[in-house]
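K.L.:
First the structure, which I've put down as structure tokens, then a few questions once you've had a look.
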Amino acid sequence: MKRRGKVTSVPAPEASPFGPCVDDYAHNLLVGTSLRRLDEAGLRRIESVEPVLRMVCATTARVAGRGAKIGDFTREDLRRRLRAYLRGCRNQTRPPGPADSRVADNLGVIGNLLDLDEHQRAVFQFILALHDSREIKEIVETFGAVSAVRAASLIAAATTISNDHVMRALDRAGGLLASGLVEIDAKGSYSLEGKVTLKPGVLDECLAPGLDRDRLISRFLPPAGVSQLGWDDFEHMRVPGRTARDLLAGTLQSRRPGVNVLFYGETGTGKTELAKLLARDIGTTLYVAGRADESGESAHAWERLSSLLLGERLLRDGTSLLLFDEMEDLFTWEFHGTHPRGVPSMSKQWFNNLLENTPVPTIWITNLVEGIDRAFLRRFSYAVEFRPIGPRQRARVLNRHLGEQGRIPPSDVEQMAQKFTVSPAQLRSAVESARLIAGTAPPDRETIEHVLAPMQKIVTGEDPEKRPVFDATAYRIDALNSVEDLGRIADQLTRWEPSRGAGVSMCLYGPPGTGKSEYAKYLAHRMGRPILYRHASDILGPFWGQTEAMIAEAFRRATDEDSLLLFDEADSFLRDRRSVMHSWETIQVNEFLQQLESFRGVVVCTTNLWHNIDEAALRRFIFKAEFRYLRLEQGVALFRSSFSPYLDRPPSEDDVGMVCSALAGIGNLAPGDFAAVSRRWRAMGNRSTARELVQALVSEARAKPGAAGPIGF
């Protein structure tokens with residue numbers, strides 16, 4: 001603010017650690033730019049001359065050895081002093097002096113580490129001074145918003161380096177920008193300080209004494225740490241995981257540039273943990289591009305990218321790996337309908353060159369790969385898709401974190417692994433929380449489930465209580481009556497791998513309650529896969545095209561989750577096309593067949609009315625198995641295993657004879673009947689005689705529609 005023709009006094013700026021070079025930069029900007037033209041027309045073209053005058057006053061006072069303050073001079077005094085100052089130096093620039101000794105060594109360390117030439121070092125020193133010195137900031141603000149070319153010319157004027165050398169020093173391929181220390185915004189319009197920016201944290205490191213390579217790495221490239229998981233946790237990804245490991249190990253040995261591996265998939269599927277595991281297996285260190293801030297938030301995309309560039313310079317000795325997480329942040333996302341499209345925030349050519357020439361093998365991680373330009377994707381050396389882990393892997397993770405001291409019965413662990421479709425990290429957290437709740441006692445199943453249930457609901461939106469849980473301890477495959485050897489089929493499918501190129505399809509048919517759906521659950525359990533259950537009511541829709549969309553969505557989700565896809569009552573949408581009355585029924589069958597042809601997973605269809613299923617659909621199922629009512633010996637064995645907890649006393653020989661005689665007279669007895677009676681007795685909590693239990697089975701059989709023949713065939 002101006003008062004009575006004098007410039008208002010302001011506090012003196014803090015002394016810059018860059019020392020005398022600040023005066024030199026200020027001097028050169030005065031005599032080397034339009035600021036020296038102080039005629040009335042020139043003054044009108046300058047937005048604000050006051051910062052310049054304040055700087056001149058302070059500079060001339062220092063040169064004269066006086067302690068004069070700005071408030072001691074009128075504006076006319078300042079103009080007069082400025083003219084005298086320019087006459088005294090004859091409008092000649094002067095080479096900038098070195099930075100203060102406390103930072104000169106640090107600048108030398110950075111210059112040597114990054115192979116900066118003399119011009120790059122001089123430009124870097126000025127940029128540091130620009131961002132640190134209040135005086136230089138005030139002068140450059142006088143020029144207003146500048147273009148990239150104008151920014152280079154101002155830096156050339158301040159440093160007395162030729163404009164061509166400054167342009168080369170600020171070239172994308174040069175050490176300053178290629179290392180990520182400096183960035184030039186080519187699009188925006190800013191003052192020089194905003195146009196030429198420093199990587200956050202670089203100025204602080206340059207001002208602190210004793211800078212070296214290790215401190216730079218620690219600040220901007222923290223080690224990823226040791227994985228909490230082992231190869232057992234990635235058994236479902238054994239082939240791609242070991243391929244990635246061998247590729248990265250071979251790259252380090254050969255020091256071949258341009259090797260990048262892409263990990264993509266849903267959040268919580270273990271991408272970062274596998275990257276750590278690969279580094280541990282190779283025997284090297286994995287450095288993360290970008291450190292989280294004080295609040296734990298991930299660094300911004302450009303900051304992480306600049307750390308990656310710095311890592312490529314500091315770690316090019318061929319002994320380390322780099323990790324860039326959340327690659328999707330490098331893109332601005334646009335949505336056209338439901339399809340995303342990633343617009344790169346950087347030059348497409350520049351990013352392609354980065355991928356093709358990186359000297360350090362780099363693992364890139366993203367949750368979203370759809371919509372990223374294929375020109376980028378095809379430059380990755382290898383890509384690994386991550387899917388949610390199956391129940392077998394979840395059980396293994398639970399057992400490892402529970403340890404020997406907190407062992408829970410295997411059947412309980414298996415059921416929890418089926419019930420909760422959470423990540424390994426969430427399982428570990430739940431066990432640790434349950435251990436804190438339990439105190440000195442080992443954590444139990446109930447406490448772990450209480451911790452996991454709300455977390456699953458928050459993350460997936462699914463209620464774990466509604467998920468079908470298969471109890472392997474209670475399942476009896478010998479209670480199934482089929483011509484096919486169902487046990488042998490299950491054994492064979494446990495060795496099946498999707499990489500063989502063909503999917504597995506199965507049609508299970510027979511009367512209700514004969515164990516078709518439970519056998520599908522048993523298969524999913526044996527194969528270590530989650531089960532995606534779709535009843536007819538989940539598929540059939542009242543609107544045109546809705547059923548076909550539901551069918552396609554079920555196959556898509558099964559592919560994404562690597563699930564065994566179970567369609568119950570498949571005859572509802574697979575009716576024989578020769579007898580249908582509506583065109584939409586034919587379309588439903590066609591949609592299912594098209595999806596089945598291209599499906600590379602495991603799909604099981606169950607039906608009570610297999611004669612109604614389309615003939616072409618039946619031909620496409622690899623396995624077809626008929627489920628029949630129980631044989632007598634199966635019924636007796638199931639009676640003993642299912643009802644022993646509910647008997648008031650051990651069965652006598654007379655009881656056994658009575659059971660055999662009674663069951664022999666029931667021609668339509670199925671495993672489902674035993675399950676129904678067991679649920680009733682378990683709910684009532686009663687104990688009964690063998691005769692009462694047999695009578696309950698007879699009632700179940702009589703409630704079925706149709707007549708039944710004698711047991712046995």
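By order of appearance in the structure tokens: chains A, B, ..., then residues from 1 within every chain, and ligands from 1 in the order shown.
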Using only C-alpha atoms, which residues sit within 8 Å of Pro511 of chain A once same-chain residues fewer than 4 positions away are excluded, as a list in words?
P.N.:
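Counting only the stated atoms, we get Asn608, Phe627, Arg628 and Tyr629 of chain A.
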K.L.:
May I have the residues from that selection written out with N, CA and C atoms, as a CSV table (one decimal), in the first residue's frame?
P.N.:
chain,number,residue,atom,x,y,z
A,608,ASN,N,-35.0,-81.6,-13.1
A,608,ASN,CA,-35.8,-82.8,-12.8
A,608,ASN,C,-36.5,-83.3,-14.0
A,627,PHE,N,-29.3,-89.1,-11.7
A,627,PHE,CA,-29.3,-89.3,-10.2
A,627,PHE,C,-30.6,-90.0,-9.9
A,628,ARG,N,-30.5,-91.2,-9.3
A,628,ARG,CA,-31.7,-92.0,-9.0
A,628,ARG,C,-32.0,-92.0,-7.5
A,629,TYR,N,-33.1,-92.6,-7.2
A,629,TYR,CA,-33.5,-92.8,-5.8
A,629,TYR,C,-32.5,-93.8,-5.1
K.L.:
Return the single residue from A:Leu321, A:Ala84, A:Leu207, A:Ala690 that is closest to Phe18 of chain A, with distances computed using only C-alpha atoms.
P.N.:
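When distances to Phe18 of chain A are compared using only C-alpha atoms, the smallest one comes from A:Leu207.
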K.L.:
Run DSSP on the backbone and tell me which residues of segment 485-656 of chain A come out as strand (DSSP E or B); list them as number ranges by chain.
P.N.:
A: 504-509, 531-534, 564-567, 575, 602-607, 613, 623-626, 628, 647
K.L.:
May I have the residues from that selection written out with N, CA and C atoms, as a JSON list (two decimals), in the first residue's frame?
P.N.:
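The result, written out as again30.json:
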[["chain", "number", "residue", "atom", "x", "y", "z"],
["A", 504, "VAL", "N", -15.59, -76.97, -18.91],
["A", 504, "VAL", "CA", -16.23, -78.19, -18.43],
["A", 504, "VAL", "C", -17.71, -77.90, -18.26],
["A", 505, "SER", "N", -18.55, -78.72, -18.89],
["A", 505, "SER", "CA", -20.00, -78.56, -18.76],
["A", 505, "SER", "C", -20.61, -79.88, -18.34],
["A", 506, "MET", "N", -21.63, -79.79, -17.49],
["A", 506, "MET", "CA", -22.20, -81.00, -16.90],
["A", 506, "MET", "C", -23.69, -80.82, -16.73],
["A", 507, "CYS", "N", -24.46, -81.83, -17.07],
["A", 507, "CYS", "CA", -25.90, -81.83, -16.86],
["A", 507, "CYS", "C", -26.23, -82.96, -15.89],
["A", 508, "LEU", "N", -26.79, -82.61, -14.75],
["A", 508, "LEU", "CA", -27.18, -83.58, -13.73],
["A", 508, "LEU", "C", -28.70, -83.63, -13.72],
["A", 509, "TYR", "N", -29.28, -84.81, -13.94],
["A", 509, "TYR", "CA", -30.73, -84.90, -14.02],
["A", 509, "TYR", "C", -31.23, -86.04, -13.15],
["A", 531, "ILE", "N", -18.73, -70.98, -5.64],
["A", 531, "ILE", "CA", -19.86, -71.42, -6.46],
["A", 531, "ILE", "C", -20.80, -70.24, -6.69],
["A", 532, "LEU", "N", -21.16, -70.05, -7.94],
["A", 532, "LEU", "CA", -22.11, -69.00, -8.33],
["A", 532, "LEU", "C", -23.43, -69.69, -8.66],
["A", 533, "TYR", "N", -24.40, -69.52, -7.78],
["A", 533, "TYR", "CA", -25.67, -70.25, -7.87],
["A", 533, "TYR", "C", -26.71, -69.38, -8.56],
["A", 534, "ARG", "N", -27.34, -69.94, -9.58],
["A", 534, "ARG", "CA", -28.40, -69.24, -10.28],
["A", 534, "ARG", "C", -29.61, -70.16, -10.42],
["A", 564, "LEU", "N", -17.46, -71.85, -10.07],
["A", 564, "LEU", "CA", -18.25, -72.90, -10.69],
["A", 564, "LEU", "C", -19.67, -72.36, -10.82],
["A", 565, "LEU", "N", -20.18, -72.33, -12.04],
["A", 565, "LEU", "CA", -21.50, -71.75, -12.31],
["A", 565, "LEU", "C", -22.56, -72.85, -12.26],
["A", 566, "LEU", "N", -23.50, -72.71, -11.34],
["A", 566, "LEU", "CA", -24.56, -73.72, -11.16],
["A", 566, "LEU", "C", -25.90, -73.12, -11.55],
["A", 567, "PHE", "N", -26.53, -73.69, -12.60],
["A", 567, "PHE", "CA", -27.89, -73.33, -12.99],
["A", 567, "PHE", "C", -28.83, -74.42, -12.48],
["A", 575, "ARG", "N", -35.82, -75.15, -22.86],
["A", 575, "ARG", "CA", -36.86, -76.02, -23.41],
["A", 575, "ARG", "C", -36.53, -76.41, -24.86],
["A", 602, "VAL", "N", -16.25, -73.76, -15.53],
["A", 602, "VAL", "CA", -17.00, -74.97, -15.15],
["A", 602, "VAL", "C", -18.45, -74.57, -14.94],
["A", 603, "VAL", "N", -19.37, -75.20, -15.67],
["A", 603, "VAL", "CA", -20.79, -74.92, -15.54],
["A", 603, "VAL", "C", -21.54, -76.23, -15.33],
["A", 604, "VAL", "N", -22.46, -76.22, -14.36],
["A", 604, "VAL", "CA", -23.28, -77.39, -14.03],
["A", 604, "VAL", "C", -24.74, -76.98, -14.11],
["A", 605, "CYS", "N", -25.53, -77.75, -14.85],
["A", 605, "CYS", "CA", -26.97, -77.54, -14.92],
["A", 605, "CYS", "C", -27.68, -78.72, -14.27],
["A", 606, "THR", "N", -28.67, -78.43, -13.45],
["A", 606, "THR", "CA", -29.47, -79.50, -12.85],
["A", 606, "THR", "C", -30.91, -79.37, -13.33],
["A", 607, "THR", "N", -31.57, -80.50, -13.44],
["A", 607, "THR", "CA", -32.97, -80.50, -13.88],
["A", 607, "THR", "C", -33.67, -81.75, -13.38],
["A", 613, "ILE", "N", -35.47, -80.76, -22.00],
["A", 613, "ILE", "CA", -34.34, -79.92, -22.39],
["A", 613, "ILE", "C", -34.05, -80.08, -23.87],
["A", 623, "PHE", "N", -20.38, -83.88, -19.64],
["A", 623, "PHE", "CA", -20.81, -84.93, -18.73],
["A", 623, "PHE", "C", -22.32, -84.87, -18.58],
["A", 624, "LYS", "N", -22.95, -86.03, -18.62],
["A", 624, "LYS", "CA", -24.38, -86.15, -18.33],
["A", 624, "LYS", "C", -24.53, -87.30, -17.34],
["A", 625, "ALA", "N", -25.12, -87.01, -16.18],
["A", 625, "ALA", "CA", -25.23, -88.02, -15.14],
["A", 625, "ALA", "C", -26.65, -88.04, -14.59],
["A", 626, "GLU", "N", -27.22, -89.25, -14.54],
["A", 626, "GLU", "CA", -28.55, -89.42, -13.98],
["A", 626, "GLU", "C", -28.44, -89.73, -12.49],
["A", 628, "ARG", "N", -30.52, -91.17, -9.27],
["A", 628, "ARG", "CA", -31.70, -91.99, -8.99],
["A", 628, "ARG", "C", -31.98, -92.02, -7.49],
["A", 647, "LEU", "N", -31.02, -90.34, 18.10],
["A", 647, "LEU", "CA", -31.56, -91.57, 18.69],
["A", 647, "LEU", "C", -31.45, -91.52, 20.22]]
K.L.:
Could you pull the residues within 10 Å of Val259 of chain A, counting only C-alpha atoms, minus those fewer than 5 positions along the same chain, as a count of residues only?
P.N.:
17
K.L.:
Considering only C-alpha atoms, state which residue in the set A:Ser254, A:Gln349, A:Thr142, A:Ser482 is at the smallest distance from Ser191 of chain A.
P.N.:
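For Ser191 of chain A, the nearest of the given residues is A:Thr142.
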K.L.:
From the list A:Ser598, A:Ser189, A:Gln418, A:Ser572, which residue is nearest Arg620 of chain A when using only C-alpha atoms?
P.N.:
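Of A:Ser598, A:Ser189, A:Gln418, A:Ser572, the one nearest Arg620 of chain A, counting only C-alpha atoms, is A:Ser598.
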K.L.:
Mind listing the alpha helix (DSSP H) residues of segment 500-617 of chain A, per DSSP on the backbone, as a ChimeraX atom specification?
P.N.:
/A:516-527,536-539,546-561,583-598,615-617
K.L.:
For Thr460 of chain A, find every residue with an atom within 12 Å (counting only C-alpha atoms), except residues of its own chain fewer than 2 positions away, and show them as a list in words.
P.N.:
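Selected residues are Glu266, Thr267, Gly268, Pro388, Phe420, Thr421, Val422, Ser423, Leu452, Ala453, Pro454, Met455, Gln456, Lys457, Ile458, Glu462, Asp463 and Pro464 of chain A.
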K.L.:
Find the residues around Gln92 of chain A up to 9 Å (only C-alpha atoms counted), leave out those fewer than 4 positions away in its own chain, and share them as a PDB file with N, CA, C and O atoms, in the first residue's frame.
P.N.:
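In the end it all went to result-v1.pdb:
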ATOM      1  N   ASN A  28      20.680  -9.995 -13.199  1.00  0.00           N
ATOM      2  CA  ASN A  28      20.599 -10.408 -14.603  1.00  0.00           C
ATOM      3  C   ASN A  28      19.189 -10.251 -15.155  1.00  0.00           C
ATOM      4  O   ASN A  28      19.004  -9.926 -16.339  1.00  0.00           O
ATOM      5  N   VAL A  31      18.768  -6.418 -15.914  1.00  0.00           N
ATOM      6  CA  VAL A  31      19.471  -5.854 -17.068  1.00  0.00           C
ATOM      7  C   VAL A  31      19.255  -6.681 -18.326  1.00  0.00           C
ATOM      8  O   VAL A  31      19.530  -6.190 -19.432  1.00  0.00           O
ATOM      9  N   GLY A  32      18.767  -7.876 -18.195  1.00  0.00           N
ATOM     10  CA  GLY A  32      18.641  -8.742 -19.365  1.00  0.00           C
ATOM     11  C   GLY A  32      17.235  -8.901 -19.882  1.00  0.00           C
ATOM     12  O   GLY A  32      16.996  -9.675 -20.808  1.00  0.00           O
ATOM     13  N   LEU A  86      21.732   0.794 -12.915  1.00  0.00           N
ATOM     14  CA  LEU A  86      21.918   0.299 -14.278  1.00  0.00           C
ATOM     15  C   LEU A  86      23.084   1.001 -14.967  1.00  0.00           C
ATOM     16  O   LEU A  86      23.830   0.389 -15.733  1.00  0.00           O
TER      17      LEU A  86
END
K.L.:
Quick one: distance from atom CA of Asn668 of chain A to atom CA of Arg702 of chain A in Å, one decimal?
P.N.:
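Going from atom CA of Asn668 of chain A over to atom CA of Arg702 of chain A, I get 8.7 Å.
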K.L.:
Could you name the residues that touch Ser433 of chain A at 9 Å or less, counting only C-alpha atoms, but leaving out those on the same chain fewer than 2 positions away, as an mmCIF file with N, CA, C and O atoms, in the first residue's frame?
P.N.:
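Contents of the output file selection_16.cif:
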data_model
loop_
_atom_site.group_PDB
_atom_site.id
_atom_site.type_symbol
_atom_site.label_atom_id
_atom_site.label_comp_id
_atom_site.auth_asym_id
_atom_site.auth_seq_id
_atom_site.Cartn_x
_atom_site.Cartn_y
_atom_site.Cartn_z
ATOM 1 N N ARG A 428 -6.350 -61.782 7.340
ATOM 2 C CA ARG A 428 -5.304 -61.567 8.339
ATOM 3 C C ARG A 428 -5.764 -60.556 9.384
ATOM 4 O O ARG A 428 -5.591 -60.771 10.588
ATOM 5 N N SER A 429 -6.376 -59.465 8.937
ATOM 6 C CA SER A 429 -6.844 -58.436 9.859
ATOM 7 C C SER A 429 -7.913 -58.979 10.793
ATOM 8 O O SER A 429 -7.937 -58.652 11.987
ATOM 9 N N ALA A 430 -8.808 -59.816 10.255
ATOM 10 C CA ALA A 430 -9.877 -60.375 11.084
ATOM 11 C C ALA A 430 -9.323 -61.280 12.175
ATOM 12 O O ALA A 430 -9.780 -61.248 13.323
ATOM 13 N N VAL A 431 -8.342 -62.110 11.838
ATOM 14 C CA VAL A 431 -7.737 -62.996 12.839
ATOM 15 C C VAL A 431 -7.026 -62.166 13.909
ATOM 16 O O VAL A 431 -7.126 -62.451 15.113
ATOM 17 N N ARG A 435 -8.028 -62.015 17.820
ATOM 18 C CA ARG A 435 -7.036 -62.332 18.857
ATOM 19 C C ARG A 435 -7.013 -61.240 19.926
ATOM 20 O O ARG A 435 -6.871 -61.524 21.117
ATOM 21 N N LEU A 436 -7.169 -59.968 19.496
ATOM 22 C CA LEU A 436 -7.228 -58.880 20.472
ATOM 23 C C LEU A 436 -8.488 -58.970 21.320
ATOM 24 O O LEU A 436 -8.463 -58.712 22.527
ATOM 25 N N ILE A 437 -9.591 -59.335 20.695
ATOM 26 C CA ILE A 437 -10.857 -59.461 21.430
ATOM 27 C C ILE A 437 -10.786 -60.602 22.437
ATOM 28 O O ILE A 437 -11.277 -60.495 23.566
ATOM 29 N N ALA A 438 -10.165 -61.712 22.025
ATOM 30 C CA ALA A 438 -10.118 -62.902 22.882
ATOM 31 C C ALA A 438 -9.166 -62.743 24.056
ATOM 32 O O ALA A 438 -9.268 -63.472 25.048
ATOM 33 N N PRO A 443 -8.326 -67.165 19.393
ATOM 34 C CA PRO A 443 -9.548 -66.706 18.714
ATOM 35 C C PRO A 443 -10.396 -67.878 18.264
ATOM 36 O O PRO A 443 -9.879 -68.924 17.864
ATOM 37 N N THR A 447 -16.009 -65.401 16.887
ATOM 38 C CA THR A 447 -15.451 -64.045 16.953
ATOM 39 C C THR A 447 -14.934 -63.608 15.589
ATOM 40 O O THR A 447 -15.151 -62.469 15.163
ATOM 41 N N ILE A 448 -14.241 -64.503 14.889
ATOM 42 C CA ILE A 448 -13.715 -64.163 13.561
ATOM 43 C C ILE A 448 -14.855 -63.826 12.610
ATOM 44 O O ILE A 448 -14.779 -62.866 11.833
ATOM 45 N N VAL A 451 -16.277 -60.413 13.143
ATOM 46 C CA VAL A 451 -15.420 -59.360 12.583
ATOM 47 C C VAL A 451 -15.560 -59.311 11.065
ATOM 48 O O VAL A 451 -15.639 -58.226 10.463
#
K.L.:
Using only C-alpha atoms, which protein or nucleic acid residues come within 10 Å of Leu176 of chain A? Drop anything in the same chain fewer than 5 positions from it, and give the result as a list in words.
P.N.:
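The contact residues come out as Gly111, Leu114, Asp115, Leu116, Gln120, Arg121, Val123, Phe124, Ala169, Leu170, Asp171, Leu181, Val182, Glu183, Leu198 and Leu310 of chain A.
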K.L.:
For atom CA of Ser147 of chain A and atom CA of Ala186 of chain A, quote the distance in Å rounded to one decimal.
P.N.:
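Separation between atom CA of Ser147 of chain A and atom CA of Ala186 of chain A: 7.7 Å.
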K.L.:
Taking into account only C-alpha atoms, which residue in the set A:Trp610, A:His165, A:Ala151, A:Ser133 is nearest to Glu118 of chain A?
P.N.:
A:His165
